[in-house]
file input.cif (mmCIF, C-alpha atoms)
data_protein
loop_
_atom_site.label_atom_id
_atom_site.label_comp_id
_atom_site.auth_asym_id
_atom_site.auth_seq_id
_atom_site.Cartn_x
_atom_site.Cartn_y
_atom_site.Cartn_z
CA LEU A 1 69.60 -73.82 149.23
CA VAL A 2 67.32 -74.98 152.03
CA PHE A 3 63.53 -75.08 151.88
CA ALA A 4 61.15 -76.03 154.64
CA ASP A 5 59.33 -79.27 153.99
CA ASP A 6 55.69 -78.34 154.36
CA ALA A 7 52.50 -78.53 152.32
CA LEU A 8 53.59 -75.69 150.06
CA THR A 9 57.22 -76.70 149.56
CA PRO A 10 57.54 -80.43 148.90
CA GLY A 11 60.88 -81.90 150.01
CA MET A 12 63.58 -82.76 147.51
CA ASP A 13 63.62 -86.32 148.84
CA GLU A 14 59.96 -86.64 147.90
CA ALA A 15 60.58 -85.12 144.46
CA ALA A 16 63.49 -87.49 143.86
CA GLN A 17 61.63 -90.61 144.97
CA ASP A 18 58.68 -89.63 142.80
CA SER A 19 60.87 -89.10 139.74
CA GLY A 20 61.82 -92.73 139.19
CA ASP A 21 65.28 -91.53 138.06
CA ALA A 22 67.95 -93.69 139.76
CA ASN A 23 70.64 -91.00 139.55
CA PHE A 24 68.32 -88.37 141.00
CA ILE A 25 67.08 -90.68 143.76
CA GLN A 26 70.36 -92.18 144.95
CA TYR A 27 73.18 -89.93 143.78
CA ARG A 28 71.93 -86.36 143.53
CA ASP A 29 74.45 -85.31 146.21
CA HIS A 30 77.30 -87.07 144.39
CA TYR A 31 77.43 -84.63 141.47
CA ILE A 32 80.70 -82.68 141.74
CA MET A 33 83.57 -81.75 139.45
CA ASP A 34 86.40 -84.27 140.02
CA THR A 35 90.08 -83.58 139.42
CA GLU A 36 93.13 -85.77 139.82
CA LYS A 37 95.24 -85.21 142.94
CA ILE A 38 96.30 -81.59 143.06
CA SER A 39 98.33 -79.40 145.44
CA PHE A 40 97.57 -75.74 146.00
CA PHE A 41 101.25 -74.95 146.62
CA LYS A 42 102.39 -76.67 143.40
CA ASN A 43 99.43 -75.67 141.22
CA PRO A 44 97.77 -72.62 142.81
CA MET A 45 95.99 -71.43 139.64
CA ALA A 46 94.71 -74.88 138.70
CA THR A 47 93.51 -75.44 142.27
CA THR A 48 91.70 -72.09 142.24
CA PHE A 49 90.01 -72.87 138.92
CA ASP A 50 89.03 -76.31 140.20
CA GLY A 51 87.30 -74.67 143.17
CA ALA A 52 85.66 -72.14 140.87
CA ALA A 53 84.38 -74.94 138.63
CA ASN A 54 82.75 -76.68 141.58
CA ALA A 55 81.24 -73.38 142.73
CA LEU A 56 79.77 -72.74 139.27
CA PHE A 57 78.35 -76.23 139.08
CA SER A 58 76.88 -75.93 142.59
CA LEU A 59 75.08 -72.77 141.46
CA GLN A 60 73.61 -74.67 138.51
CA LYS A 61 72.49 -77.48 140.80
CA GLY A 62 70.86 -74.87 143.02
CA LEU A 63 69.08 -73.35 140.04
CA ALA A 64 67.81 -76.79 139.01
CA THR A 65 66.64 -77.44 142.57
CA VAL A 66 64.63 -74.20 142.58
CA GLN A 67 63.18 -75.11 139.19
CA ILE A 68 62.06 -78.53 140.43
CA TYR A 69 60.46 -76.91 143.49
CA LEU A 70 58.60 -74.47 141.24
CA PHE A 71 57.28 -77.30 139.09
CA GLN A 72 56.29 -79.27 142.18
CA LEU A 73 54.35 -76.25 143.44
CA ALA A 74 52.76 -75.52 140.07
CA LEU A 75 51.73 -79.10 139.31
CA GLU A 76 50.59 -79.97 142.82
CA ALA A 77 48.74 -76.69 143.34
CA ASN A 78 45.01 -77.33 143.49
CA ILE A 79 43.13 -74.06 143.50
CA LEU A 80 39.80 -75.89 143.62
CA ASN A 81 40.69 -77.57 146.92
CA LEU A 82 41.76 -74.22 148.36
CA LEU A 83 38.52 -72.50 147.32
CA GLU A 84 36.06 -75.40 147.63
CA GLU A 85 34.61 -74.12 150.91
CA PHE A 86 33.94 -70.79 149.22
CA ILE A 87 32.67 -72.07 145.86
CA THR A 88 29.74 -74.18 147.10
CA PRO A 89 28.07 -71.49 149.27
CA PHE A 90 28.80 -68.86 146.62
CA ILE A 91 27.06 -70.82 143.87
CA ASP A 92 24.19 -71.73 146.21
CA SER A 93 23.64 -68.05 146.97
CA MET A 94 23.89 -67.13 143.29
CA ARG A 95 21.31 -69.80 142.45
CA SER A 96 18.80 -68.44 144.96
CA ILE A 97 19.47 -64.76 144.24
CA ILE A 98 20.06 -64.74 140.49
CA PHE A 99 18.87 -67.90 138.77
CA GLU A 100 15.80 -68.67 140.86
CA GLY A 101 15.04 -64.98 141.20
CA PHE A 102 15.00 -64.20 137.47
CA SER A 103 14.63 -67.55 135.71
CA VAL A 104 10.85 -67.66 136.20
CA PHE A 105 10.51 -64.33 134.42
CA PHE A 106 12.71 -65.37 131.48
CA ILE A 107 11.04 -68.78 131.20
CA SER A 108 7.66 -67.06 131.13
CA LEU A 109 8.94 -64.74 128.40
CA CYS A 110 10.19 -67.72 126.40
CA ALA A 111 6.83 -69.47 126.87
CA LEU A 112 5.07 -66.39 125.54
CA LEU A 113 7.30 -66.34 122.47
CA LEU A 114 6.62 -70.06 121.92
CA LEU A 115 2.88 -69.43 122.04
CA ILE A 116 3.27 -66.62 119.52
CA LYS A 117 5.17 -68.98 117.19
CA LEU A 118 2.51 -71.65 117.57
CA ALA A 119 -0.16 -69.09 116.77
CA ALA A 120 1.81 -68.07 113.69
CA ASN A 121 1.87 -71.74 112.62
CA ARG A 122 5.63 -72.09 113.20
CA GLN A 123 5.48 -75.38 115.07
CA ALA A 124 9.04 -76.43 114.18
CA GLN A 125 10.53 -73.28 115.69
CA ALA A 126 8.29 -73.62 118.73
CA ILE A 127 9.35 -77.23 119.36
CA SER A 128 13.01 -76.30 118.85
CA GLY A 129 12.68 -73.44 121.34
CA LEU A 130 10.98 -75.70 123.88
CA LEU A 131 13.76 -78.29 123.60
CA GLN A 132 16.36 -75.57 124.08
CA ILE A 133 14.66 -74.36 127.25
CA LEU A 134 14.47 -77.91 128.61
CA LEU A 135 18.17 -78.45 127.79
CA ILE A 136 19.23 -75.20 129.45
CA VAL A 137 17.18 -75.86 132.59
CA THR A 138 18.55 -79.43 132.81
CA LEU A 139 22.16 -78.28 132.45
CA ALA A 140 21.58 -75.48 134.94
CA PHE A 141 20.12 -77.99 137.43
CA ILE A 142 23.18 -80.22 137.08
CA PHE A 143 25.59 -77.29 137.38
CA TYR A 144 23.95 -75.68 140.40
CA ASN A 145 23.63 -78.96 142.28
CA HIS A 146 27.06 -80.39 141.44
CA PRO A 147 29.39 -77.44 140.71
CA VAL A 148 32.45 -78.74 142.57
CA GLU A 149 32.08 -82.22 141.07
CA MET A 150 31.96 -80.75 137.55
CA MET A 151 35.08 -78.67 138.24
CA LYS A 152 36.89 -81.70 139.65
CA VAL A 153 36.04 -83.76 136.57
CA ALA A 154 37.44 -81.03 134.29
CA GLY A 155 40.60 -80.80 136.40
CA ASP A 156 41.07 -84.57 136.64
CA VAL A 157 40.66 -85.09 132.90
CA THR A 158 43.16 -82.32 132.14
CA THR A 159 45.69 -83.77 134.60
CA GLU A 160 45.31 -87.32 133.25
CA VAL A 161 45.81 -86.24 129.65
CA SER A 162 48.78 -84.01 130.57
CA ASP A 163 50.33 -86.92 132.45
CA ALA A 164 49.87 -89.17 129.42
CA VAL A 165 51.51 -86.52 127.20
CA LEU A 166 54.62 -86.52 129.45
CA ALA A 167 54.83 -90.33 129.58
CA GLY A 168 56.49 -90.70 126.17
CA PRO A 169 59.30 -88.15 126.69
CA TYR A 170 59.91 -89.48 130.21
CA ALA A 171 60.31 -93.02 128.87
CA ALA A 172 62.58 -91.81 126.07
CA VAL A 173 64.94 -90.02 128.47
CA ASN A 174 64.84 -92.47 131.41
CA GLY A 175 64.66 -95.64 129.38
CA ASN A 176 61.60 -96.88 131.25
CA ASP A 177 57.90 -96.16 131.58
CA SER A 178 57.78 -96.12 135.37
CA ASP A 179 54.33 -95.51 136.80
CA THR A 180 55.15 -92.16 138.36
CA SER A 181 53.20 -88.93 138.73
CA MET A 182 53.33 -85.97 136.38
CA GLU A 183 55.32 -84.06 138.99
CA GLY A 184 57.84 -86.90 139.16
CA LYS A 185 58.19 -87.06 135.39
CA VAL A 186 58.87 -83.33 135.12
CA SER A 187 61.35 -83.47 138.03
CA ALA A 188 63.30 -86.25 136.31
CA LEU A 189 63.35 -84.41 132.96
CA VAL A 190 64.46 -81.11 134.55
CA TRP A 191 67.20 -82.82 136.59
CA ASN A 192 68.45 -84.57 133.47
CA VAL A 193 68.65 -81.38 131.38
CA MET A 194 69.83 -78.90 134.01
CA VAL A 195 72.16 -81.11 136.10
CA HIS A 196 72.98 -84.51 134.65
CA LYS A 197 73.77 -83.47 131.07
CA PRO A 198 75.86 -80.42 132.10
CA TRP A 199 77.72 -82.61 134.61
CA GLN A 200 78.47 -85.21 131.93
CA THR A 201 79.78 -82.50 129.63
CA ALA A 202 81.95 -80.65 132.17
CA GLU A 203 83.11 -83.72 134.11
CA PHE A 204 84.14 -85.92 131.18
CA GLY A 205 84.28 -83.53 128.25
CA SER A 206 82.31 -86.03 126.20
CA ILE A 207 78.86 -87.60 126.48
CA ASN A 208 80.20 -90.90 125.12
CA LYS A 209 82.93 -91.08 127.76
CA ALA A 210 80.48 -90.05 130.44
CA GLU A 211 78.15 -92.92 129.57
CA MET A 212 81.09 -95.32 129.92
CA TYR A 213 82.30 -94.23 133.38
CA GLU A 214 79.54 -92.17 135.05
CA ASP A 215 77.93 -95.06 136.94
CA ASP A 216 81.24 -95.98 138.57
CA ILE A 217 81.86 -92.36 139.58
CA LEU A 218 78.37 -91.44 140.80
CA LYS A 219 77.92 -94.41 143.10
CA LEU A 220 80.91 -93.24 145.18
CA GLU A 221 80.68 -90.51 147.82
CA PRO A 222 82.39 -87.20 146.93
CA GLU A 223 85.85 -86.90 148.47
CA SER A 224 85.81 -90.57 149.49
CA ASP A 225 89.03 -92.55 149.17
CA GLU A 226 87.38 -94.94 146.69
CA ARG A 227 86.32 -92.07 144.45
CA LYS A 228 89.73 -90.43 144.60
CA GLU A 229 91.39 -93.72 143.65
CA LEU A 230 89.04 -94.18 140.70
CA VAL A 231 89.65 -90.59 139.56
CA GLU A 232 93.41 -91.16 139.69
CA LYS A 233 93.05 -94.40 137.75
CA LEU A 234 90.92 -92.83 134.99
CA ALA A 235 93.23 -89.81 134.87
CA GLU A 236 96.19 -92.09 134.25
CA GLU A 237 94.51 -94.53 131.86
CA GLN A 238 92.01 -92.32 130.00
CA GLY A 239 93.41 -88.81 130.42
CA LEU A 240 90.31 -87.64 132.31
CA PHE A 241 90.10 -85.18 135.23
CA SER A 242 93.39 -83.50 134.32
CA LYS A 243 94.85 -80.96 136.76
CA SER A 244 96.47 -79.00 133.94
CA LEU A 245 95.67 -75.32 133.79
CA SER A 246 94.40 -75.60 130.20
CA HIS A 247 91.94 -78.34 131.18
CA GLN A 248 90.69 -76.33 134.15
CA LEU A 249 90.21 -73.24 131.97
CA GLU A 250 88.32 -75.30 129.39
CA ARG A 251 86.06 -76.69 132.13
CA ILE A 252 85.42 -73.19 133.50
CA PHE A 253 84.48 -71.99 130.01
CA THR A 254 82.17 -74.99 129.53
CA LEU A 255 80.43 -74.38 132.85
CA LEU A 256 80.02 -70.67 132.12
CA VAL A 257 78.40 -71.44 128.77
CA LEU A 258 76.18 -74.12 130.29
CA GLY A 259 75.37 -71.78 133.18
CA VAL A 260 74.07 -69.13 130.78
CA LEU A 261 72.06 -71.83 129.01
CA ASN A 262 70.64 -73.11 132.30
CA LEU A 263 69.65 -69.58 133.30
CA PHE A 264 67.88 -69.19 129.96
CA ILE A 265 66.14 -72.54 130.48
CA PHE A 266 65.22 -71.60 134.06
CA LEU A 267 63.50 -68.38 133.00
CA PHE A 268 61.66 -70.15 130.19
CA LEU A 269 60.48 -73.04 132.37
CA THR A 270 59.46 -70.66 135.17
CA ALA A 271 57.12 -69.03 132.66
CA PHE A 272 55.62 -72.49 132.09
CA CYS A 273 55.04 -72.86 135.84
CA ILE A 274 53.20 -69.53 135.93
CA LEU A 275 51.08 -70.45 132.90
CA ILE A 276 50.19 -73.88 134.30
CA VAL A 277 48.84 -72.31 137.50
CA GLY A 278 47.28 -69.44 135.55
CA TYR A 279 45.30 -71.70 133.22
CA GLN A 280 44.12 -73.77 136.17
CA PHE A 281 42.72 -70.58 137.70
CA LEU A 282 41.30 -69.51 134.33
CA THR A 283 39.46 -72.83 133.97
CA LEU A 284 38.01 -72.42 137.44
CA GLY A 285 37.02 -68.83 136.67
CA TYR A 286 35.20 -69.84 133.50
CA MET A 287 33.38 -72.59 135.39
CA MET A 288 32.25 -70.06 138.00
CA LEU A 289 30.76 -67.88 135.26
CA GLY A 290 28.20 -70.62 134.76
CA VAL A 291 26.07 -68.93 137.42
CA PHE A 292 25.38 -66.15 134.91
CA VAL A 293 25.63 -68.16 131.68
CA PHE A 294 22.57 -70.33 132.30
CA LEU A 295 20.46 -67.32 133.22
CA LEU A 296 21.49 -65.44 130.09
CA ALA A 297 20.83 -68.59 128.05
CA LEU A 298 17.12 -68.26 128.92
CA ILE A 299 17.05 -64.95 127.06
CA PRO A 300 16.04 -65.69 123.45
CA TYR A 301 18.76 -63.40 122.09
CA PHE A 302 21.45 -65.65 123.59
CA GLY A 303 19.93 -69.13 123.83
CA THR A 304 22.16 -72.19 123.74
CA GLU A 305 24.87 -70.33 121.82
CA ILE A 306 26.16 -68.69 124.98
CA VAL A 307 26.28 -72.11 126.69
CA LYS A 308 28.31 -73.44 123.74
CA ARG A 309 30.65 -70.48 123.96
CA TRP A 310 31.05 -70.97 127.71
CA ALA A 311 31.79 -74.67 127.30
CA ALA A 312 34.25 -73.88 124.49
CA ARG A 313 36.17 -71.46 126.68
CA ILE A 314 36.45 -74.07 129.43
CA ALA A 315 37.62 -76.66 126.89
CA SER A 316 40.07 -74.10 125.48
CA ALA A 317 41.61 -73.38 128.90
CA CYS A 318 41.89 -77.11 129.67
CA GLY A 319 43.30 -77.82 126.21
CA THR A 320 45.85 -75.04 126.55
CA LYS A 321 47.16 -76.56 129.79
CA ILE A 322 47.51 -79.90 127.98
CA LEU A 323 49.28 -78.14 125.11
CA LEU A 324 51.69 -76.52 127.59
CA SER A 325 52.55 -79.98 128.94
CA PHE A 326 53.20 -81.17 125.39
CA ILE A 327 55.46 -78.21 124.57
CA LEU A 328 57.30 -78.66 127.88
CA SER A 329 57.95 -82.35 127.23
CA LEU A 330 58.99 -81.67 123.64
CA LEU A 331 61.39 -78.94 124.75
CA LEU A 332 63.05 -81.06 127.44
CA VAL A 333 63.47 -84.04 125.09
CA PHE A 334 64.91 -81.84 122.32
CA MET A 335 67.43 -80.35 124.75
CA ASP A 336 68.40 -83.82 125.94
CA ALA A 337 68.94 -84.88 122.33
CA MET A 338 70.91 -81.73 121.51
CA TYR A 339 73.52 -82.54 124.16
CA LYS A 340 74.50 -85.59 122.11
CA PHE A 341 75.77 -83.25 119.39
CA ILE A 342 78.50 -81.97 121.72
CA ASP A 343 80.80 -84.88 120.82
CA THR A 344 80.45 -84.34 117.06
CA LYS A 345 79.52 -80.67 116.63
CA GLY A 346 80.98 -79.02 119.71
CA LEU A 347 79.57 -77.12 122.68
CA LEU A 348 78.86 -73.79 120.95
CA TYR A 349 76.95 -75.48 118.11
CA THR A 350 74.83 -77.36 120.66
CA LEU A 351 74.22 -74.17 122.63
CA PHE A 352 73.18 -72.37 119.45
CA MET A 353 70.72 -75.12 118.49
CA ILE A 354 69.12 -75.22 121.95
CA ILE A 355 68.70 -71.44 122.01
CA VAL A 356 67.16 -71.54 118.51
CA ILE A 357 64.63 -74.16 119.64
CA ILE A 358 63.66 -72.21 122.76
CA SER A 359 63.53 -68.89 120.88
CA MET A 360 61.29 -70.29 118.14
CA ILE A 361 58.85 -71.74 120.67
CA TYR A 362 58.77 -68.38 122.46
CA ALA A 363 58.43 -66.37 119.24
CA LYS A 364 55.57 -68.56 117.99
CA ARG A 365 53.87 -68.97 121.36
CA LYS A 366 50.76 -67.06 120.26
CA ASP A 367 50.40 -69.13 117.10
CA ILE A 368 50.83 -72.37 119.07
CA LEU A 369 48.33 -71.41 121.76
CA GLY A 370 46.07 -70.10 118.99
CA LEU A 371 45.46 -73.70 117.93
CA PHE A 372 42.86 -73.65 120.72
CA THR A 373 41.97 -70.00 121.25
CA ASP A 374 41.60 -69.03 117.57
CA PHE A 375 39.47 -72.09 116.88
CA ARG A 376 37.24 -71.15 119.78
CA ALA A 377 36.82 -67.57 118.65
CA SER A 378 36.23 -68.29 114.99
CA ASN A 379 33.83 -71.19 115.33
CA ILE A 380 31.54 -70.13 118.15
CA ASN A 381 29.77 -66.81 117.84
CA VAL A 382 26.94 -65.37 119.83
CA ALA A 383 24.09 -64.30 117.61
#
call {"tool": "encode", "arguments": {"input": "input.cif", "output": "structure tokens"}}
result
Amino acid sequence: LVFADDALTPGMDEAAQDSGDANFIQYRDHYIMDTEKISFFKNPMATTFDGAANALFSLQKGLATVQIYLFQLALEANILNLLEEFITPFIDSMRSIIFEGFSVFFISLCALLLLIKLAANRQAQAISGLLQILLIVTLAFIFYNHPVEMMKVAGDVTTEVSDAVLAGPYAAVNGNDSDTSMEGKVSALVWNVMVHKPWQTAEFGSINKAEMYEDDILKLEPESDERKELVEKLAEEQGLFSKSLSHQLERIFTLLVLGVLNLFIFLFLTAFCILIVGYQFLTLGYMMLGVFVFLLALIPYFGTEIVKRWAARIASACGTKILLSFILSLLLVFMDAMYKFIDTKGLLYTLFMIIVIISMIYAKRKDILGLFTDFRASNINVA
């Protein structure tokens, strides 16, 4: 799979370097299925299955590569930067046409109502109304004069918190707390779950054995004499990389099962990419609605309640993006942990547990996201 390295499709070298994962940075092209010396004429079926195993694993690596590109695009996408030249003149025109055009009328109406309350000896309500008008006008002044800055602050805060949420899982999987970007952390976690763990399982048949010998294998170029010699040595001493037909069939079965799992993971994580971009756009859209919110807030029927509701929707969209980052990190760490059960519980048990975890998150997605949206709806009501 080849992608052009431009502003919209960051290169895999950049993604790898940003990940802080040594295996991803240095040895991502060294992941293949090794087999002890084998002859097509003596073992035609085993040789065929060995080639099929490498083809299946290459497809999974390709799927992981696409997934990393999608996350790079989703996390690096900055809709505000793309639309900044449009947003400022748009809000300026809305201020002159809508807010300045109608605000004097609504402020005059509010002033009349305040005078009526003073005449009716309701000074407390009059003072409260005056303070609300002053607050609304002040907030409107800030919004109309610094709209892009406000949007950038909301975006920067969301990104910083999301990055902090991913720091723990990244450190748990990589064994370090490298100061890398959110895109790098996600790239490392995706590579680990979709490439490294499946490779450990299919290459060595055991996570424990993989952790003992993987560094020696990965640092050597595929098909190099040094790697072939090491494979032969481990085949003889540890019984790894067998050319037997039964071993090749078992590896094919393992890769097929893991391939189905990776496809399931790919579809699920792609949905996350779409939601991450979608909630960024939703936050921006809510911010843009401020041009109407502050005008409506001058109407006594709405008042500051509509400003509170507007602010709550912005906070909800930002909070949901943070929650998505948390669910993503939790999911990737759980899947990493589940692979360790392969040695004790077997591949099918591990597959079942991973699918259960993903299915439950999907089934309860509305309840999880409702932690923000339901709170917003139930606690802020327009009179």
call {"tool": "residues_around", "arguments": {"input": "input.cif", "residues": "A:Phe86", "least_positions_apart": "6", "cutoff": "12 Å", "atoms": "only C-alpha atoms", "output": "list of chain:residue names"}}
result
A:Ile79, A:Leu80, A:Asp92, A:Ser93, A:Pro147, A:Val148, A:Met288
call {"tool": "write_last_selection", "arguments": {"input": "input.cif", "atoms": "C-alpha atoms", "output": "compact mmCIF listing (two decimals), keeping the file's coordinate frame"}}
result
# COMPACT_ATOMS: atom_id res chain seq x y z
CA ILE A 79 43.13 -74.06 143.50
CA LEU A 80 39.80 -75.89 143.62
CA ASP A 92 24.19 -71.73 146.21
CA SER A 93 23.64 -68.05 146.97
CA PRO A 147 29.39 -77.44 140.71
CA VAL A 148 32.45 -78.74 142.57
CA MET A 288 32.25 -70.06 138.00
call {"tool": "resolve_selection", "arguments": {"input": "input.cif", "expression": "the PyMOL selection byres ((chain A and resi 283) around 12)", "output": "PyMOL selection string"}}
result
chain A and resi 78-80+150-155+158+275-282+284-290+310-321
call {"tool": "write_last_selection", "arguments": {"input": "input.cif", "atoms": "C-alpha atoms", "output": "compact mmCIF listing (two decimals), keeping the file's coordinate frame"}}
result
# COMPACT_ATOMS: atom_id res chain seq x y z
CA ASN A 78 45.01 -77.33 143.49
CA ILE A 79 43.13 -74.06 143.50
CA LEU A 80 39.80 -75.89 143.62
CA MET A 150 31.96 -80.75 137.55
CA MET A 151 35.08 -78.67 138.24
CA LYS A 152 36.89 -81.70 139.65
CA VAL A 153 36.04 -83.76 136.57
CA ALA A 154 37.44 -81.03 134.29
CA GLY A 155 40.60 -80.80 136.40
CA THR A 158 43.16 -82.32 132.14
CA LEU A 275 51.08 -70.45 132.90
CA ILE A 276 50.19 -73.88 134.30
CA VAL A 277 48.84 -72.31 137.50
CA GLY A 278 47.28 -69.44 135.55
CA TYR A 279 45.30 -71.70 133.22
CA GLN A 280 44.12 -73.77 136.17
CA PHE A 281 42.72 -70.58 137.70
CA LEU A 282 41.30 -69.51 134.33
CA LEU A 284 38.01 -72.42 137.44
CA GLY A 285 37.02 -68.83 136.67
CA TYR A 286 35.20 -69.84 133.50
CA MET A 287 33.38 -72.59 135.39
CA MET A 288 32.25 -70.06 138.00
CA LEU A 289 30.76 -67.88 135.26
CA GLY A 290 28.20 -70.62 134.76
CA TRP A 310 31.05 -70.97 127.71
CA ALA A 311 31.79 -74.67 127.30
CA ALA A 312 34.25 -73.88 124.49
CA ARG A 313 36.17 -71.46 126.68
CA ILE A 314 36.45 -74.07 129.43
CA ALA A 315 37.62 -76.66 126.89
CA SER A 316 40.07 -74.10 125.48
CA ALA A 317 41.61 -73.38 128.90
CA CYS A 318 41.89 -77.11 129.67
CA GLY A 319 43.30 -77.82 126.21
CA THR A 320 45.85 -75.04 126.55
CA LYS A 321 47.16 -76.56 129.79
call {"tool": "residues_around", "arguments": {"input": "input.cif", "residues": "stretch 183-185 of chain A", "least_positions_apart": "2", "cutoff": "8 Å", "atoms": "only C-alpha atoms", "output": "list in words"}}
result
Ala15, Ala16, Gln17, Asp18, Ser19, Gly20, Phe71, Gln72, Leu75, Glu76, Leu166, Ala167, Tyr170, Thr180, Ser181, Ser187, Ala188 and Leu189 of chain A
call {"tool": "closest_residue", "arguments": {"input": "input.cif", "among": "A:Phe292, A:Trp191, A:Phe241, A:Phe143", "to": "A:Ala210", "atoms": "all atoms listed in the file"}}
result
A:Phe241
call {"tool": "closest_residue", "arguments": {"input": "input.cif", "among": "A:Ile91, A:Val186, A:Ile327, A:Leu56", "to": "A:Val291", "atoms": "all atoms listed in the file"}}
result
A:Ile91
